[in-house]
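Remarks on the structure that follows.
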Amino acid sequence: MNKTSIMLVEDDESLSFVIKDNLSLNGYEVIHFTDGAQAIKSFAKGKFDLCLLDVMLPALDGFTLGKEIRKKDSNVPILYLTAKSMQEDKLEGFKSGGDDYITKPFSLEELIFRIEVFLKRKLSSNTTKQNFTIGEYDFNYSDLSLTCKGEVKNLTQKEADVLRFFCLNKQRVVKRDEILKEVWGDDDYFLGRSLDVFISKLRKYLSKDSNVSIANRHGIGFELVITNN
């Protein structure tokens, strides 16, 4: 059985050694790069199950690298490693296609837990409801695709997780903390703000059908609304 392959892009020699060593001990295959330009060249040639990207990198910063990876693969989970704590910087990570972030300094136990969450979600798609009809859209959770009139939009894992939660609760108002705990396992303030980024993206993806909307319910949460023609 092939090991799970993780791309690690980190220019701090000591930190990258510790991360790679611990992930290897936990059964992962870790391919390490020290700059973004080198990493994107190798990404195009290889197959990675998850990407760990430092934000402050030489040659090509982590956010730009994340955008380039998204152009080539809309499905691979991207986890940012960042020393930045400003909310705007973290939101930029989600806007660039990232699925999650972890702020330095962090514990290796937390990092491994975050990685396992993403990989378990991939496995769980085999035992959960996978196909949904959303107005004129066909949503396939297992391959992270949203199709309308023959046009296919590939989603990130987190986008698909949020949309699936809406589909399982359509025509019902869902609270912010419900979504956050289901998709991220937490409901802190920052994640509440980052959720708005994902909602905006999903609204854009669903905009081709005027009968489909994600409505704000002020002070409560959101509702996936599907009206008849």
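Ordering of the structure tokens sets the chain letters (A, B, ...); residue numbers start at 1 within each chain; ligands are numbered from 1 in the order shown.
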Neighbours of region 47-52 of chain A within 8 Å (only C-alpha atoms; same-chain residues fewer than 5 positions away dropped), as number ranges by chain?
A: 4-9, 76-81, 115
Using only C-alpha atoms, what table do you get, as a tab-separated table, when you list each residue of region 44-77 of chain A with an atom no more than 7 Å from region 15-36 of chain A, its nearest pair of atoms, and their distance in Å rounded to one decimal, rows by chain then rising number?
residue	atom	partner	partner_atom	distance
A:Leu57	CA	A:Asp35	CA	5.7
A:Pro58	CA	A:Asp35	CA	5.3
A:Ala59	CA	A:Gly36	CA	6.1
A:Leu60	CA	A:Gly36	CA	4.5
A:Asp61	CA	A:Gly36	CA	6.2
A:Gly62	CA	A:Gly36	CA	6.7
A:Leu65	CA	A:Gly36	CA	5.9
Polymer residues at most 12 Å from Gly98 (chain A), only C-alpha atoms, same-chain spacing of 5 or more positions, as a PyMOL selection string:
chain A and resi 50-55+62-70+73-81+89-93+155-159+194+197-198
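Considering only C-alpha atoms, the residue among A:Ala44, A:Leu144, A:Leu119, A:Ala215 positioned nearest to Asp161 (chain A) is A:Leu144.
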Show me, as a PyMOL selection string, the residues that have an atom within 12 Å of Val212 (chain A) when counting only C-alpha atoms, minus same-chain residues fewer than 6 positions from it.
chain A and resi 133-137+166-167+170-171+202-206+223-229
Would you mind exporting the chosen residues as a CSV table (one decimal), in the first residue's frame, restricted to N, CA, C and O atoms?
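Output file part-v6.csv is given in full below:
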chain,number,residue,atom,x,y,z
A,133,THR,N,-28.8,17.1,-5.8
A,133,THR,CA,-29.3,17.9,-6.8
A,133,THR,C,-29.6,19.3,-6.2
A,133,THR,O,-30.4,19.3,-5.2
A,134,ILE,N,-29.1,20.4,-6.7
A,134,ILE,CA,-29.3,21.7,-6.2
A,134,ILE,C,-29.9,22.5,-7.3
A,134,ILE,O,-29.1,23.1,-8.1
A,135,GLY,N,-31.2,22.6,-7.5
A,135,GLY,CA,-31.7,23.3,-8.6
A,135,GLY,C,-31.2,22.6,-9.9
A,135,GLY,O,-31.4,21.4,-10.1
A,136,GLU,N,-30.6,23.4,-10.7
A,136,GLU,CA,-30.0,22.9,-12.0
A,136,GLU,C,-28.6,22.3,-11.9
A,136,GLU,O,-28.0,21.9,-12.8
A,137,TYR,N,-28.2,22.3,-10.6
A,137,TYR,CA,-26.8,21.8,-10.4
A,137,TYR,C,-26.8,20.4,-9.9
A,137,TYR,O,-27.7,19.9,-9.2
A,166,PHE,N,-24.8,22.2,3.8
A,166,PHE,CA,-26.0,22.9,3.4
A,166,PHE,C,-27.0,21.9,2.7
A,166,PHE,O,-28.2,22.0,2.9
A,167,CYS,N,-26.5,21.1,1.8
A,167,CYS,CA,-27.4,20.1,1.1
A,167,CYS,C,-28.1,19.2,2.1
A,167,CYS,O,-29.3,18.9,1.9
A,170,LYS,N,-30.8,21.5,3.7
A,170,LYS,CA,-31.5,22.5,2.8
A,170,LYS,C,-32.9,22.8,3.3
A,170,LYS,O,-33.6,22.0,3.9
A,171,GLN,N,-33.2,24.1,3.1
A,171,GLN,CA,-34.5,24.6,3.5
A,171,GLN,C,-34.6,24.7,5.0
A,171,GLN,O,-35.7,24.9,5.6
A,202,LEU,N,-19.2,30.0,-2.7
A,202,LEU,CA,-20.3,29.1,-3.1
A,202,LEU,C,-21.5,29.9,-3.7
A,202,LEU,O,-22.1,29.4,-4.7
A,203,ARG,N,-21.7,31.1,-3.2
A,203,ARG,CA,-22.8,31.9,-3.9
A,203,ARG,C,-22.4,32.2,-5.4
A,203,ARG,O,-23.3,32.1,-6.2
A,204,LYS,N,-21.1,32.5,-5.6
A,204,LYS,CA,-20.7,32.7,-7.0
A,204,LYS,C,-20.8,31.5,-7.8
A,204,LYS,O,-21.3,31.6,-9.0
A,205,TYR,N,-20.5,30.3,-7.3
A,205,TYR,CA,-20.6,29.1,-8.0
A,205,TYR,C,-22.0,28.7,-8.4
A,205,TYR,O,-22.3,28.1,-9.4
A,206,LEU,N,-22.9,29.1,-7.5
A,206,LEU,CA,-24.4,28.7,-7.7
A,206,LEU,C,-25.2,29.8,-8.4
A,206,LEU,O,-26.4,29.7,-8.5
A,223,GLU,N,-29.2,29.8,5.2
A,223,GLU,CA,-30.1,28.8,4.7
A,223,GLU,C,-29.9,28.6,3.2
A,223,GLU,O,-29.9,29.6,2.4
A,224,LEU,N,-29.8,27.4,2.8
A,224,LEU,CA,-29.8,27.0,1.4
A,224,LEU,C,-31.2,27.0,0.9
A,224,LEU,O,-32.0,26.1,1.3
A,225,VAL,N,-31.6,27.9,0.0
A,225,VAL,CA,-32.9,28.1,-0.5
A,225,VAL,C,-33.0,27.7,-1.9
A,225,VAL,O,-32.3,28.2,-2.8
A,226,ILE,N,-33.9,26.8,-2.2
A,226,ILE,CA,-34.2,26.3,-3.6
A,226,ILE,C,-35.7,26.5,-3.9
A,226,ILE,O,-36.5,25.9,-3.3
A,227,THR,N,-36.0,27.4,-4.8
A,227,THR,CA,-37.4,27.7,-5.2
A,227,THR,C,-37.7,27.0,-6.5
A,227,THR,O,-36.8,26.8,-7.3
A,228,ASN,N,-39.0,26.7,-6.7
A,228,ASN,CA,-39.4,26.1,-7.9
A,228,ASN,C,-39.5,27.1,-9.0
A,228,ASN,O,-39.7,28.3,-8.8
A,229,ASN,N,-39.3,26.6,-10.3
A,229,ASN,CA,-39.4,27.4,-11.5
A,229,ASN,C,-40.9,27.9,-11.6
A,229,ASN,O,-41.8,27.2,-11.3
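CA of Ile179 (chain A) lies 10.4 Å from CA of Arg164 (chain A).
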As a PyMOL selection string, please: every residue in region 40-77 of chain A that a backbone DSSP assignment puts in strand (DSSP E or B).
chain A and resi 50-54
Write the selection just made, keeping N, CA and C atoms, as a compact mmCIF listing (two decimals), in the first residue's frame?
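Final output, selection_4.txt:
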# COMPACT_ATOMS: atom_id res chain seq x y z
N LEU A 50 -1.51 15.94 0.10
CA LEU A 50 -1.73 17.10 0.94
C LEU A 50 -0.51 18.01 0.84
N CYS A 51 -0.73 19.32 0.94
CA CYS A 51 0.37 20.29 0.87
C CYS A 51 0.44 21.11 2.14
N LEU A 52 1.64 21.18 2.73
CA LEU A 52 1.92 22.03 3.89
C LEU A 52 2.80 23.17 3.39
N LEU A 53 2.29 24.38 3.38
CA LEU A 53 3.00 25.50 2.78
C LEU A 53 3.29 26.59 3.81
N ASP A 54 4.56 26.90 4.00
CA ASP A 54 4.91 28.07 4.79
C ASP A 54 4.52 29.31 3.99
